[in-house]
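Take a look at the structure below.
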Amino acid sequence: MLRTRRTGNGQVLFTLSGRIETTEDIDQLQQLLAAETSGHQLVLDMKDVTLVNQDAVKFLRRCEVDGIKLENCPLHVRRWIDQLEDQPRRRGV
């Protein structure tokens, strides 16, 4: 189960805890991020994230590409994201 908590003070910080492993979890995060107004740095604090799946890692990578900062990203998740960045993109996929 994924839990989120939002705080704001010059930046918008979403503290995540639990698991990011279902389409619903990713959809929930996308909706939260999309609801934010521009002009604030968005940050996902992942200190208490215990489990992610491949779709979640792809989503997190897209977040970084879009300028969203990942704080306290667990090392195994960081390595997985970095592996995706190192893979050549396949055309037509």
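Just so we're on the same page: first chain in the structure tokens is A, next is B, and so on; residues restart at 1 for each chain, and ligands are numbered from 1 in the order they show up.
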Next item on the list: Please provide as a list in words all residues within 10 Å of range 17-20 of chain A, with the sequence filter that same-chain residues fewer than 4 positions apart are discarded (counting only C-alpha atoms).
Entry: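 Listed by chain and then number, they are Met1, Leu2, Arg3, Thr4, Arg5, Glu24, Asp25, Ile26, Leu29, Asp45, Met46, Lys47, Asp48, Val49, Thr50, Leu51, Val52, Asn53, Gln54, Asp55, Ala56 and Val57 of chain A.
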Those of chain A in DSSP strand (DSSP E), formatted as a compact mmCIF listing (two decimals) with N, CA, C and O atoms, in the first residue's frame:
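To be explicit, this is the file written out as part_17.txt:
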```
# COMPACT_ATOMS: atom_id res chain seq x y z
N LEU A 2 0.55 2.20 -0.82
CA LEU A 2 1.28 3.46 -0.91
C LEU A 2 0.56 4.53 -0.11
O LEU A 2 -0.65 4.69 -0.21
N ARG A 3 1.35 5.24 0.69
CA ARG A 3 0.81 6.37 1.44
C ARG A 3 1.60 7.62 1.02
O ARG A 3 2.82 7.55 0.82
N THR A 4 0.89 8.74 0.92
CA THR A 4 1.55 10.00 0.56
C THR A 4 1.15 11.07 1.56
O THR A 4 0.06 11.04 2.13
N ARG A 5 2.08 11.99 1.76
CA ARG A 5 1.81 13.17 2.60
C ARG A 5 2.42 14.36 1.90
O ARG A 5 3.56 14.33 1.45
N ARG A 6 1.65 15.44 1.78
CA ARG A 6 2.10 16.63 1.07
C ARG A 6 2.43 17.73 2.07
O ARG A 6 1.66 17.99 2.99
N THR A 7 3.57 18.38 1.86
CA THR A 7 3.92 19.58 2.60
C THR A 7 4.46 20.59 1.60
O THR A 7 4.96 20.22 0.54
N GLY A 8 4.35 21.84 1.92
CA GLY A 8 4.83 22.86 1.01
C GLY A 8 5.42 24.04 1.77
O GLY A 8 4.86 24.48 2.76
N GLN A 11 8.74 24.79 -1.87
CA GLN A 11 8.73 23.63 -2.75
C GLN A 11 7.58 22.74 -2.30
O GLN A 11 7.08 22.89 -1.20
N VAL A 12 7.17 21.84 -3.16
CA VAL A 12 6.10 20.91 -2.79
C VAL A 12 6.74 19.55 -2.59
O VAL A 12 7.34 18.99 -3.51
N LEU A 13 6.66 19.06 -1.37
CA LEU A 13 7.29 17.80 -0.98
C LEU A 13 6.21 16.75 -0.75
O LEU A 13 5.31 16.96 0.06
N PHE A 14 6.31 15.66 -1.47
CA PHE A 14 5.45 14.51 -1.24
C PHE A 14 6.29 13.44 -0.57
O PHE A 14 7.26 12.95 -1.15
N THR A 15 5.94 13.10 0.66
CA THR A 15 6.63 12.05 1.38
C THR A 15 5.89 10.75 1.09
O THR A 15 4.70 10.63 1.38
N LEU A 16 6.61 9.81 0.50
CA LEU A 16 6.01 8.53 0.11
C LEU A 16 6.45 7.45 1.09
O LEU A 16 7.59 7.44 1.54
N SER A 17 5.54 6.54 1.37
CA SER A 17 5.92 5.39 2.20
C SER A 17 5.12 4.18 1.74
O SER A 17 4.02 4.30 1.23
N GLY A 18 5.75 3.04 1.89
CA GLY A 18 5.11 1.79 1.49
C GLY A 18 5.60 1.32 0.14
O GLY A 18 6.76 1.47 -0.21
N ARG A 19 4.68 0.78 -0.63
CA ARG A 19 5.00 0.15 -1.91
C ARG A 19 4.41 0.93 -3.08
O ARG A 19 3.29 1.40 -3.00
N ILE A 20 5.19 1.00 -4.16
CA ILE A 20 4.68 1.55 -5.42
C ILE A 20 4.73 0.38 -6.39
O ILE A 20 5.77 0.11 -7.00
N GLN A 41 9.16 23.79 -7.11
CA GLN A 41 9.93 22.56 -7.27
C GLN A 41 9.14 21.42 -6.65
O GLN A 41 8.71 21.51 -5.50
N LEU A 42 8.93 20.35 -7.40
CA LEU A 42 8.26 19.16 -6.87
C LEU A 42 9.32 18.17 -6.42
O LEU A 42 10.31 17.94 -7.12
N VAL A 43 9.10 17.59 -5.24
CA VAL A 43 10.05 16.66 -4.65
C VAL A 43 9.30 15.43 -4.16
O VAL A 43 8.26 15.56 -3.50
N LEU A 44 9.84 14.26 -4.48
CA LEU A 44 9.31 13.01 -3.94
C LEU A 44 10.34 12.49 -2.94
O LEU A 44 11.46 12.15 -3.31
N ASP A 45 9.98 12.45 -1.67
CA ASP A 45 10.85 11.90 -0.63
C ASP A 45 10.52 10.42 -0.50
O ASP A 45 9.43 10.04 -0.09
N MET A 46 11.48 9.59 -0.86
CA MET A 46 11.24 8.15 -0.97
C MET A 46 11.88 7.35 0.17
O MET A 46 12.03 6.14 0.08
N LYS A 47 12.23 8.03 1.25
CA LYS A 47 12.95 7.39 2.35
C LYS A 47 12.24 6.13 2.87
O LYS A 47 12.89 5.15 3.20
N ASP A 48 10.93 6.16 2.91
CA ASP A 48 10.17 5.04 3.48
C ASP A 48 9.51 4.16 2.42
O ASP A 48 8.60 3.40 2.74
N VAL A 49 9.98 4.25 1.17
CA VAL A 49 9.46 3.36 0.12
C VAL A 49 10.18 2.02 0.26
O VAL A 49 11.41 1.96 0.30
N THR A 50 9.40 0.96 0.35
CA THR A 50 9.99 -0.36 0.59
C THR A 50 10.06 -1.24 -0.64
O THR A 50 10.88 -2.14 -0.70
N LEU A 51 9.19 -1.00 -1.63
CA LEU A 51 9.14 -1.88 -2.78
C LEU A 51 8.61 -1.11 -3.99
O LEU A 51 7.70 -0.30 -3.86
N VAL A 52 9.21 -1.35 -5.14
CA VAL A 52 8.72 -0.79 -6.40
C VAL A 52 8.76 -1.88 -7.45
O VAL A 52 9.50 -2.85 -7.32
N LYS A 69 12.37 16.18 -8.38
CA LYS A 69 13.53 15.69 -7.62
C LYS A 69 13.13 14.47 -6.79
O LYS A 69 12.08 14.46 -6.14
N LEU A 70 13.99 13.45 -6.81
CA LEU A 70 13.80 12.27 -5.96
C LEU A 70 14.78 12.38 -4.80
O LEU A 70 15.99 12.37 -5.00
N GLU A 71 14.25 12.52 -3.60
CA GLU A 71 15.09 12.60 -2.40
C GLU A 71 15.06 11.27 -1.68
O GLU A 71 14.04 10.59 -1.65
```
Note to self: Just list as a VMD selection string whatever in chain A DSSP marks as helix (DSSP H, G or I).
What the structure shows: chain A and resid 23 to 34 54 to 65 75 to 86
Checklist line | Point-to-point distance from CA of Lys58 in chain A to CA of Asn72 in chain A, Å rounded to tenths | finding: 17.4 Å
Margin query: Using Å and a single decimal, report how far CA of Gln83 in chain A sits from CA of Gln28 in chain A.
Written below: 24.9 Å
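CA of Leu84 in chain A sits 23.6 Å away from CA of Gln31 in chain A.
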Next item on the list: Between A:Glu21, A:Arg62, A:Asp86, A:Ile68, single out the one closest to Glu36 in chain A, counting only C-alpha atoms.
Entry: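 Closest residue, counting only C-alpha atoms: A:Ile68.
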